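Raw contents of target04.cif, mmCIF, C-alpha atoms:
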data_final
#
loop_
_atom_site.label_atom_id
_atom_site.label_comp_id
_atom_site.auth_asym_id
_atom_site.auth_seq_id
_atom_site.Cartn_x
_atom_site.Cartn_y
_atom_site.Cartn_z
CA MET O 8 -12.83 235.88 121.53
CA LYS O 9 -11.83 232.23 121.21
CA ALA O 10 -13.86 229.69 123.23
CA VAL O 11 -14.53 225.95 123.62
CA VAL O 12 -18.24 225.46 122.92
CA LEU O 13 -20.46 222.39 123.25
CA ASN O 14 -21.93 221.36 119.89
CA ARG O 15 -23.30 217.83 119.80
CA SER O 16 -24.05 218.08 116.06
CA VAL O 17 -20.35 217.88 115.09
CA ALA O 18 -18.07 214.86 115.20
CA ASN O 19 -16.14 215.77 118.38
CA GLN O 20 -19.16 217.40 120.10
CA LEU O 21 -16.93 220.46 120.60
CA GLU O 22 -16.14 223.56 118.62
CA ILE O 23 -13.19 225.85 119.14
CA LYS O 24 -14.60 229.01 117.65
CA ASN O 25 -14.70 232.78 117.83
CA VAL O 26 -17.70 234.02 119.81
CA GLU O 27 -18.75 237.45 120.99
CA LYS O 28 -16.78 238.73 123.95
CA PRO O 29 -19.07 238.97 127.01
CA LYS O 30 -20.40 242.33 128.14
CA VAL O 31 -19.91 243.36 131.74
CA GLY O 32 -23.06 243.76 133.85
CA GLU O 33 -23.77 245.51 137.12
CA GLY O 34 -21.73 244.00 139.94
CA GLU O 35 -19.67 242.01 137.43
CA VAL O 36 -16.16 242.14 136.06
CA ILE O 37 -14.50 240.82 132.93
CA VAL O 38 -11.69 238.39 133.68
CA GLN O 39 -9.07 237.69 131.05
CA VAL O 40 -8.65 233.95 131.55
CA LYS O 41 -4.98 233.01 131.74
CA ALA O 42 -5.67 229.28 132.19
CA GLY O 43 -8.62 226.92 132.62
CA ALA O 44 -8.69 223.28 133.66
CA LEU O 45 -10.81 220.27 132.75
CA ASN O 46 -12.98 218.21 135.07
CA HIS O 47 -14.83 214.99 134.36
CA ARG O 48 -18.09 216.93 134.15
CA ASP O 49 -16.75 218.71 131.03
CA GLU O 50 -16.21 215.37 129.28
CA TRP O 51 -19.59 214.10 130.54
CA CYS O 52 -21.18 217.19 128.94
CA ARG O 53 -19.47 216.31 125.67
CA GLN O 54 -20.83 212.77 125.90
CA GLY O 55 -24.36 213.99 126.68
CA LEU O 56 -24.26 212.45 130.17
CA TYR O 57 -24.94 215.63 132.15
CA PRO O 58 -28.35 217.19 132.90
CA ASN O 59 -29.69 220.43 131.36
CA LEU O 60 -27.26 220.44 128.46
CA LYS O 61 -27.40 223.30 125.97
CA ASP O 62 -25.41 223.50 122.76
CA GLY O 63 -23.54 226.76 122.32
CA VAL O 64 -22.53 226.98 125.99
CA ILE O 65 -18.86 227.63 126.77
CA LEU O 66 -17.60 224.72 128.88
CA GLY O 67 -15.25 224.80 131.86
CA SER O 68 -15.62 225.30 135.61
CA ASP O 69 -12.00 225.95 136.59
CA GLY O 70 -10.16 229.13 135.77
CA ALA O 71 -7.79 231.89 136.88
CA GLY O 72 -6.95 235.22 135.32
CA VAL O 73 -6.73 239.00 135.54
CA VAL O 74 -9.62 241.43 136.00
CA VAL O 75 -9.55 243.75 132.97
CA GLU O 76 -12.94 245.53 133.06
CA LEU O 77 -15.32 246.62 135.81
CA GLY O 78 -19.10 246.82 135.75
CA GLU O 79 -21.24 249.40 137.48
CA GLY O 80 -20.99 249.31 141.25
CA VAL O 81 -17.71 247.38 141.36
CA ASP O 82 -14.91 248.75 143.54
CA SER O 83 -11.98 250.04 141.50
CA SER O 84 -9.53 247.93 143.56
CA TRP O 85 -10.58 244.89 141.50
CA LEU O 86 -8.99 246.24 138.32
CA LYS O 87 -5.84 244.31 137.28
CA LYS O 88 -6.21 241.96 140.26
CA GLU O 89 -5.02 238.36 139.74
CA VAL O 90 -7.93 236.11 140.67
CA ILE O 91 -9.10 232.53 140.99
CA ILE O 92 -12.74 231.69 140.25
CA ASN O 93 -15.12 229.86 142.60
CA PRO O 94 -17.31 227.79 140.22
CA SER O 95 -19.96 227.02 142.87
CA LEU O 96 -23.07 229.15 142.18
CA ASN O 97 -26.07 229.75 144.47
CA TRP O 98 -25.21 227.34 147.29
CA GLY O 99 -27.70 228.99 149.65
CA GLU O 100 -27.71 229.75 153.37
CA ASP O 101 -27.61 226.18 154.72
CA GLU O 102 -24.02 224.97 155.12
CA ARG O 103 -25.27 221.38 155.29
CA VAL O 104 -26.63 221.17 151.74
CA GLN O 105 -27.03 223.22 148.57
CA VAL O 106 -30.41 224.62 147.46
CA LYS O 107 -32.37 223.30 144.47
CA GLU O 108 -31.24 226.30 142.38
CA TYR O 109 -27.57 225.43 142.87
CA LYS O 110 -25.43 225.37 139.70
CA ILE O 111 -21.82 224.87 138.68
CA LEU O 112 -20.11 227.25 136.30
CA GLY O 113 -19.73 225.86 132.78
CA MET O 114 -23.19 224.32 132.23
CA PRO O 115 -25.81 225.67 131.84
CA ASP O 116 -23.97 229.03 132.23
CA ASN O 117 -20.94 229.94 130.13
CA GLY O 118 -17.70 228.77 131.71
CA THR O 119 -13.96 229.32 131.80
CA LEU O 120 -12.64 227.69 128.60
CA ALA O 121 -12.46 230.99 126.77
CA GLU O 122 -10.26 234.05 126.55
CA PHE O 123 -12.64 236.13 128.70
CA ILE O 124 -15.50 235.57 131.15
CA ASN O 125 -17.96 237.93 132.84
CA ILE O 126 -18.62 237.05 136.45
CA LYS O 127 -19.83 238.49 139.76
CA THR O 128 -17.12 239.63 142.12
CA ASP O 129 -18.44 237.37 144.89
CA ARG O 130 -17.12 234.41 142.84
CA LEU O 131 -13.58 235.80 142.82
CA HIS O 132 -10.70 235.38 145.23
CA GLU O 133 -7.12 236.54 145.09
CA LYS O 134 -4.91 234.02 143.31
CA PRO O 135 -2.56 232.25 145.73
CA SER O 136 0.82 233.88 145.10
CA HIS O 137 2.75 230.59 145.24
CA LEU O 138 0.77 229.12 142.34
CA SER O 139 1.41 229.53 138.62
CA TRP O 140 -1.55 230.33 136.36
CA GLU O 141 -1.81 226.66 135.42
CA GLU O 142 -1.73 225.53 139.06
CA ALA O 143 -4.26 228.15 140.13
CA ALA O 144 -6.63 227.15 137.34
CA ALA O 145 -6.36 223.50 138.39
CA LEU O 146 -7.49 224.13 141.96
CA PRO O 147 -11.13 225.34 142.26
CA LEU O 148 -13.60 222.50 141.56
CA GLY O 149 -11.40 219.58 142.53
CA GLY O 150 -9.93 221.35 145.53
CA LEU O 151 -13.34 222.42 146.81
CA THR O 152 -14.85 218.95 146.37
CA ALA O 153 -11.91 217.26 148.10
CA PHE O 154 -11.81 219.74 150.97
CA ARG O 155 -15.50 219.38 151.81
CA ALA O 156 -15.40 215.57 151.52
CA LEU O 157 -12.30 215.30 153.68
CA MET O 158 -12.54 218.13 156.20
CA VAL O 159 -16.24 219.00 156.47
CA GLN O 160 -18.16 215.79 155.80
CA GLY O 161 -15.27 213.50 156.76
CA ARG O 162 -14.19 215.53 159.82
CA LEU O 163 -10.58 214.44 159.40
CA GLN O 164 -8.44 214.42 162.53
CA LYS O 165 -4.66 214.40 162.81
CA ASP O 166 -3.02 210.93 162.87
CA GLU O 167 -6.12 209.16 161.51
CA LYS O 168 -5.63 206.50 158.85
CA VAL O 169 -7.16 207.62 155.56
CA LEU O 170 -7.77 205.71 152.33
CA VAL O 171 -8.35 207.64 149.10
CA THR O 172 -9.60 205.36 146.32
CA GLY O 173 -8.98 205.77 142.60
CA PHE O 174 -5.92 207.99 142.93
CA GLY O 175 -4.97 209.88 139.78
CA GLY O 176 -7.85 212.25 139.12
CA GLY O 177 -8.06 215.79 140.40
CA VAL O 178 -10.28 215.33 143.48
CA ALA O 179 -8.44 212.24 144.71
CA GLN O 180 -5.11 214.01 144.19
CA PHE O 181 -6.24 216.97 146.29
CA ALA O 182 -7.70 214.71 148.98
CA VAL O 183 -4.31 213.02 149.31
CA GLN O 184 -2.40 216.31 149.46
CA PHE O 185 -4.82 217.85 151.96
CA ALA O 186 -4.87 214.77 154.21
CA ILE O 187 -1.08 214.57 154.31
CA ALA O 188 -0.84 218.29 155.11
CA ALA O 189 -3.37 217.80 157.93
CA GLY O 190 -1.16 215.15 159.54
CA ALA O 191 -3.04 212.00 158.57
CA GLU O 192 -1.53 208.64 157.67
CA VAL O 193 -2.64 208.34 154.04
CA TYR O 194 -3.05 205.37 151.70
CA VAL O 195 -4.40 205.14 148.15
CA SER O 196 -5.73 202.57 145.74
CA SER O 197 -5.22 202.61 141.97
CA SER O 198 -5.02 200.11 139.13
CA SER O 199 -2.03 201.99 137.68
CA GLU O 200 1.49 201.29 138.88
CA GLU O 201 2.56 204.72 137.62
CA LYS O 202 -0.15 206.44 139.66
CA ARG O 203 0.65 204.39 142.77
CA GLN O 204 4.30 205.41 142.48
CA LYS O 205 3.27 209.05 142.05
CA ALA O 206 1.17 208.84 145.21
CA LEU O 207 4.15 207.42 147.11
CA SER O 208 6.31 210.30 145.85
CA LEU O 209 3.73 212.74 147.28
CA GLY O 210 4.13 211.17 150.72
CA VAL O 211 1.45 208.49 151.10
CA THR O 212 2.34 205.60 153.38
CA GLY O 213 1.08 202.85 151.09
CA ALA O 214 -0.58 202.21 147.73
CA PHE O 215 -2.78 199.24 146.77
CA ASP O 216 -3.69 197.74 143.39
CA TYR O 217 -7.46 197.27 143.60
CA THR O 218 -7.41 194.87 140.64
CA ASN O 219 -5.56 192.40 142.88
CA GLU O 220 -8.19 190.16 144.49
CA ALA O 221 -6.18 190.02 147.72
CA TRP O 222 -5.80 193.79 148.11
CA VAL O 223 -8.40 194.14 150.87
CA LYS O 224 -6.73 191.47 153.00
CA GLU O 225 -3.34 193.03 152.34
CA ALA O 226 -4.61 196.47 153.32
CA ILE O 227 -6.13 195.20 156.57
CA ALA O 228 -2.97 193.26 157.42
CA LEU O 229 -0.83 196.36 156.82
CA THR O 230 -3.03 199.04 158.43
CA GLY O 231 -5.55 197.33 160.68
CA GLY O 232 -8.27 199.32 158.88
CA PHE O 233 -9.11 202.94 158.11
CA ASP O 234 -10.78 205.71 160.09
CA LEU O 235 -11.83 207.67 157.00
CA ILE O 236 -12.32 206.49 153.42
CA ILE O 237 -12.81 208.91 150.49
CA ASP O 238 -14.37 207.32 147.40
CA SER O 239 -15.86 208.31 144.06
CA ALA O 240 -16.80 204.95 142.54
CA VAL O 241 -19.27 203.08 144.85
CA GLY O 242 -20.59 200.21 142.63
CA ASP O 243 -20.03 196.59 143.55
CA THR O 244 -16.69 197.39 145.21
CA PHE O 245 -18.40 199.35 147.99
CA ASN O 246 -18.55 196.34 150.32
CA ASN O 247 -14.75 196.22 150.16
CA LEU O 248 -14.70 199.69 151.70
CA ILE O 249 -17.08 198.54 154.43
CA LYS O 250 -14.67 195.69 155.20
CA LEU O 251 -11.77 198.15 155.35
CA ALA O 252 -13.50 200.58 157.70
CA ASN O 253 -12.61 200.57 161.38
CA PRO O 254 -15.45 200.58 163.94
CA GLY O 255 -16.87 204.10 164.05
CA ALA O 256 -15.26 205.05 160.72
CA ARG O 257 -16.65 207.40 158.08
CA ILE O 258 -16.98 206.53 154.39
CA VAL O 259 -17.48 209.67 152.29
CA PHE O 260 -18.28 209.42 148.59
CA TYR O 261 -18.45 212.33 146.15
CA GLY O 262 -19.32 210.35 143.01
CA ALA O 263 -20.66 207.01 141.83
CA THR O 264 -18.83 206.30 138.59
CA LYS O 265 -19.46 202.56 138.97
CA GLY O 266 -23.14 203.06 139.78
CA ASN O 267 -25.17 201.67 142.66
CA PRO O 268 -24.00 198.57 144.56
CA THR O 269 -25.94 195.39 143.87
CA GLY O 270 -25.14 194.17 147.38
CA PHE O 271 -24.75 196.00 150.67
CA ASP O 272 -23.30 194.62 153.92
CA ALA O 273 -25.85 196.33 156.18
CA ARG O 274 -25.05 194.18 159.22
CA LYS O 275 -21.41 195.23 159.27
CA VAL O 276 -22.43 198.89 158.86
CA PHE O 277 -24.77 198.97 161.85
CA TRP O 278 -22.70 196.67 164.06
CA ASN O 279 -19.54 198.72 163.52
CA GLN O 280 -21.40 202.02 163.86
CA LEU O 281 -20.16 203.16 160.43
CA GLN O 282 -21.18 206.48 158.89
CA ILE O 283 -21.76 206.59 155.12
CA ILE O 284 -21.84 210.20 153.95
CA GLY O 285 -22.51 211.82 150.60
CA SER O 286 -20.69 214.98 149.51
CA THR O 287 -20.54 217.23 146.47
CA MET O 288 -18.76 220.49 145.71
CA GLY O 289 -18.98 222.92 148.66
CA SER O 290 -20.24 226.21 150.05
CA ASP O 291 -18.58 229.63 149.83
CA LYS O 292 -17.33 229.08 153.39
CA ASP O 293 -15.77 225.78 152.28
CA PHE O 294 -14.07 227.48 149.32
CA GLU O 295 -12.53 230.18 151.53
CA ALA O 296 -11.36 227.55 154.03
CA MET O 297 -9.86 225.48 151.21
CA LEU O 298 -7.95 228.47 149.84
CA ASN O 299 -6.67 229.35 153.32
CA PHE O 300 -5.50 225.74 153.78
CA VAL O 301 -3.74 225.74 150.39
CA ASN O 302 -2.00 229.02 151.22
CA GLN O 303 -1.05 227.91 154.74
CA HIS O 304 0.51 224.65 153.54
CA GLN O 305 1.78 225.97 150.18
CA ILE O 306 0.05 223.11 148.36
CA LYS O 307 0.56 222.91 144.60
CA PRO O 308 -1.76 220.94 142.31
CA VAL O 309 -0.20 218.20 140.23
CA ILE O 310 -0.42 219.17 136.54
CA ASP O 311 -0.71 216.36 134.01
CA HIS O 312 -0.51 218.25 130.74
CA VAL O 313 -1.01 221.78 129.40
CA PHE O 314 -2.81 222.25 126.06
CA SER O 315 -3.73 225.37 124.12
CA LEU O 316 -7.39 226.27 123.54
CA ASP O 317 -6.89 225.15 119.93
CA GLU O 318 -5.96 221.70 121.27
CA ALA O 319 -9.14 221.33 123.34
CA VAL O 320 -10.27 218.15 121.55
CA GLN O 321 -6.97 216.44 122.38
CA ALA O 322 -7.31 217.58 125.98
CA PHE O 323 -10.86 216.21 126.25
CA ASP O 324 -9.78 212.94 124.63
CA ARG O 325 -7.03 212.58 127.24
CA MET O 326 -9.62 213.12 129.97
CA LYS O 327 -11.89 210.50 128.36
CA ALA O 328 -9.05 207.94 128.21
CA GLY O 329 -8.46 208.34 131.96
CA SER O 330 -4.70 208.24 131.55
CA GLN O 331 -4.01 211.59 133.22
CA MET O 332 -2.00 211.93 136.41
CA GLY O 333 -3.18 215.22 137.85
CA LYS O 334 -5.04 218.05 136.18
CA ILE O 335 -5.37 218.76 132.46
CA VAL O 336 -5.03 222.48 131.77
CA LEU O 337 -5.96 224.66 128.78
CA LYS O 338 -4.03 227.88 128.31
CA GLY O 339 -5.16 230.70 126.07
#

As structure tokens - that is how I would like this structure written.
Amino acid sequence: MKAVVLNRSVANQLEIKNVEKPKVGEGEVIVQVKAGALNHRDEWCRQGLYPNLKDGVILGSDGAGVVVELGEGVDSSWLKKEVIINPSLNWGEDERVQVKEYKILGMPDNGTLAEFINIKTDRLHEKPSHLSWEEAAALPLGGLTAFRALMVQGRLQKDEKVLVTGFGGGVAQFAVQFAIAAGAEVYVSSSSEEKRQKALSLGVTGAFDYTNEAWVKEAIALTGGFDLIIDSAVGDTFNNLIKLANPGARIVFYGATKGNPTGFDARKVFWNQLQIIGSTMGSDKDFEAMLNFVNQHQIKPVIDHVFSLDEAVQAFDRMKAGSQMGKIVLKG
């Protein structure tokens, strides 16, 4: 079968090559992957910026397809079922936090950027019927991360004012769509005029250019402040979020692409009773709740571009450039 494999000894750190089709084990099925989607972690693997890297591993966490082969002990009803894959592996019993053995599909285990994948049935859910293969493939990792950050860690309530920073990537896109569907008043920040306009077309109330030095003052003047802020950057801009937070607000961050802050306005945090909360991925319960929410509200992921498996290098390069608006999808 054809697959996208990490190989840091070649120029693009990727190979699109024929590899042995996986064999089905007990309790597993073979899924013919109709579409897979990229996440930043795939590009970070290519750049050598992710832990426990192994050359020869098939990349990709997001995927959707059709069950074509059953392993021993698997109910026959799975055969030919259209499924979406939960990439969260071994969360554990504690809903509050994942166990040390937790992993994400696609590194160090073979992932979804291939024509077939073998996987346990407890990672599979029925594909939402209102989604195309490309849309279904775009949902799992980003949708799960956004849902937990917003609904579980952030405890979003209807009519709250929400700011989602860095709009344009998959998680931020889902956070915006979920928050709007939940009845929040949603705002975004982005350095791209195109992405700000896209956010407005999705139904956000306002969009701010964070490269404008006056954006924090403008946001406070317009909104009065935010009850919940969803962020993935942190870095030296984190104090801006503290300034934007209403008393008693929650700031949830699911990444730190700008690193640790060199300064921290601790006095404003304690005086305003702010809650700063970390979040990553989500439990099986979170994934089921996210899928139910997507089905209930008929939410469709925004697709940036669809590439073939043979065009994987171009797809990864687009991810690296950061110019995408929505999810980048690979179709077999």

Matched chain/residue IDs from the PyMOL selection byres ((chain O and resi 192) around 8), as a PDB file with C-alpha atoms, in the coordinates of the input:
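Output saved as result-v9.pdb:
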ATOM      1  CA  ASP O 166      -3.020 210.930 162.870  1.00  0.00           C
ATOM      2  CA  GLU O 167      -6.120 209.160 161.510  1.00  0.00           C
ATOM      3  CA  LYS O 168      -5.630 206.500 158.850  1.00  0.00           C
ATOM      4  CA  VAL O 169      -7.160 207.620 155.560  1.00  0.00           C
ATOM      5  CA  ALA O 186      -4.870 214.770 154.210  1.00  0.00           C
ATOM      6  CA  ILE O 187      -1.080 214.570 154.310  1.00  0.00           C
ATOM      7  CA  GLY O 190      -1.160 215.150 159.540  1.00  0.00           C
ATOM      8  CA  ALA O 191      -3.040 212.000 158.570  1.00  0.00           C
ATOM      9  CA  VAL O 193      -2.640 208.340 154.040  1.00  0.00           C
ATOM     10  CA  TYR O 194      -3.050 205.370 151.700  1.00  0.00           C
ATOM     11  CA  VAL O 211       1.450 208.490 151.100  1.00  0.00           C
ATOM     12  CA  THR O 212       2.340 205.600 153.380  1.00  0.00           C
TER      13      THR O 212
END

- Task: Given the file shown, enumerate the residues that the PyMOL selection byres ((chain O and resi 81) around 8) captures and present them as a ChimeraX atom specification.
- Result: /O:33-36,77-80,82-83,85,128

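Each of O:Gly63, O:Lys202, O:Ser139, O:Asn247 was checked against Ala221 (chain O) using all atoms listed in the file; the smallest atom-to-atom distance is that of O:Asn247.
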
- Which one is closest to Gln204 (chain O): O:Trp222, O:Tyr217, O:Phe174, O:Trp51? Count all atoms listed in the file.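 Smallest separation from Gln204 (chain O) among the options: O:Phe174.
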
- Task: Can you give me, as a list in words, the residues this file yields under the PyMOL selection byres ((chain O and resi 273) around 12)?
- Result: Phe245, Asn246, Ile249, Lys250, Pro268, Gly270, Phe271, Asp272, Arg274, Lys275, Val276, Phe277, Trp278, Asn279, Gln280, Leu281, Gln282 and Ile283 of chain O

Pick out the residues sitting within 6 Å of Ile236 (chain O), and hand them over as a compact mmCIF listing (two decimals) with C-alpha atoms, keeping the file's coordinate frame; count only C-alpha atoms, and ignore anything fewer than 4 positions along from it in its own chain.
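Output (around.txt):
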# COMPACT_ATOMS: atom_id res chain seq x y z
CA VAL O 169 -7.16 207.62 155.56
CA LEU O 170 -7.77 205.71 152.33
CA VAL O 171 -8.35 207.64 149.10
CA ILE O 258 -16.98 206.53 154.39

- Task: Show which residues sit within 12 Å of Glu27 (chain O), as a list in words. Count all atoms listed in the file, and ignore same-chain residues fewer than 3 positions away.
- Result: Met8, Lys9, Ala10, Lys24, Lys30, Gly63, Ile65, Ala121, Glu122, Phe123, Ile124 and Asn125 of chain O

For the contact check between region 267-339 of chain O and region 87-111 of chain O, emit one row per residue of region 267-339 of chain O within 9 Å, containing the shortest atom pair and the distance in Å rounded to one decimal, counting only C-alpha atoms, chain then rising number order, as CSV.
residue,atom,partner,partner_atom,distance
O:Ser286,CA,O:Val104,CA,8.9
O:Thr287,CA,O:Val104,CA,9.0
O:Met288,CA,O:Ser95,CA,7.2
O:Gly289,CA,O:Ser95,CA,7.2
O:Ser290,CA,O:Trp98,CA,5.8
O:Asp291,CA,O:Trp98,CA,7.5
O:Lys292,CA,O:Glu102,CA,8.0
O:Asp293,CA,O:Glu102,CA,8.8
O:Phe294,CA,O:Asn93,CA,7.2

- In Å, with one decimal, what is the gap from CA of Ser315 (chain O) to CA of Gly43 (chain O)? 9.9 Å

- Message: For a cutoff of 12 Å around the file-coordinate point (-18.1, 225.7, 119.4), which residues qualify once you count all atoms listed in the file? I'd like the result as a ChimeraX atom specification.
- Response: /O:8-27,53,61-66,117,120-121,316-317,319-320

- Taking (-22.8, 199.9, 145.5) in the file's coordinates as the center, which residues reach within 6 Å of it, counting all atoms listed in the file, put as a list in words?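 Residues found, by chain and rising number: Val241, Gly242, Asp243, Phe245, Asn267, Pro268 and Thr269 of chain O.
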
- Hey, can you check how far CA of Ala44 (chain O) sits from CA of Ala145 (chain O)?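 Atom-to-atom, CA of Ala44 (chain O) to CA of Ala145 (chain O), that is 5.3 Å.
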
- Item | Pick from O:Leu207, O:Val38, O:Ala322, O:Met158, whichever lies nearest to Arg130 (chain O) using all atoms listed in the file |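 Selected residue with least distance to Arg130 (chain O): O:Val38.
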
- Rank O:Gln164, O:Thr218, O:Thr264, O:Gln184 by their smallest atom-to-atom distance to Ser239 (chain O), using all atoms listed in the file, and report the top residue only. O:Thr264

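Using only C-alpha atoms, the shortest contact distance between Gly329 (chain O) and any of O:Tyr261, O:Leu298, O:Asp311, O:Ala256 is found at O:Asp311.
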
- Query: Looking at only C-alpha atoms, which of O:Gly333, O:Gly72, O:Gly161, O:Gly55 is the one that sits closest to Gln39 (chain O)?
  - Reply: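 Of all the options, O:Gly72 lies closest to Gln39 (chain O).
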
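With CA of Phe300 (chain O) on one side and CA of Asp49 (chain O) on the other, the separation reads 26.3 Å.
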
Box dimensions and centre (Å, one decimal) enclosing region 288-306 of chain O, axis-aligned, 5 Å extra per side, as lines of an AutoDock Vina configuration file:
center_x = -9.2
center_y = 225.3
center_z = 150.2
size_x = 32.0
size_y = 19.7
size_z = 19.0
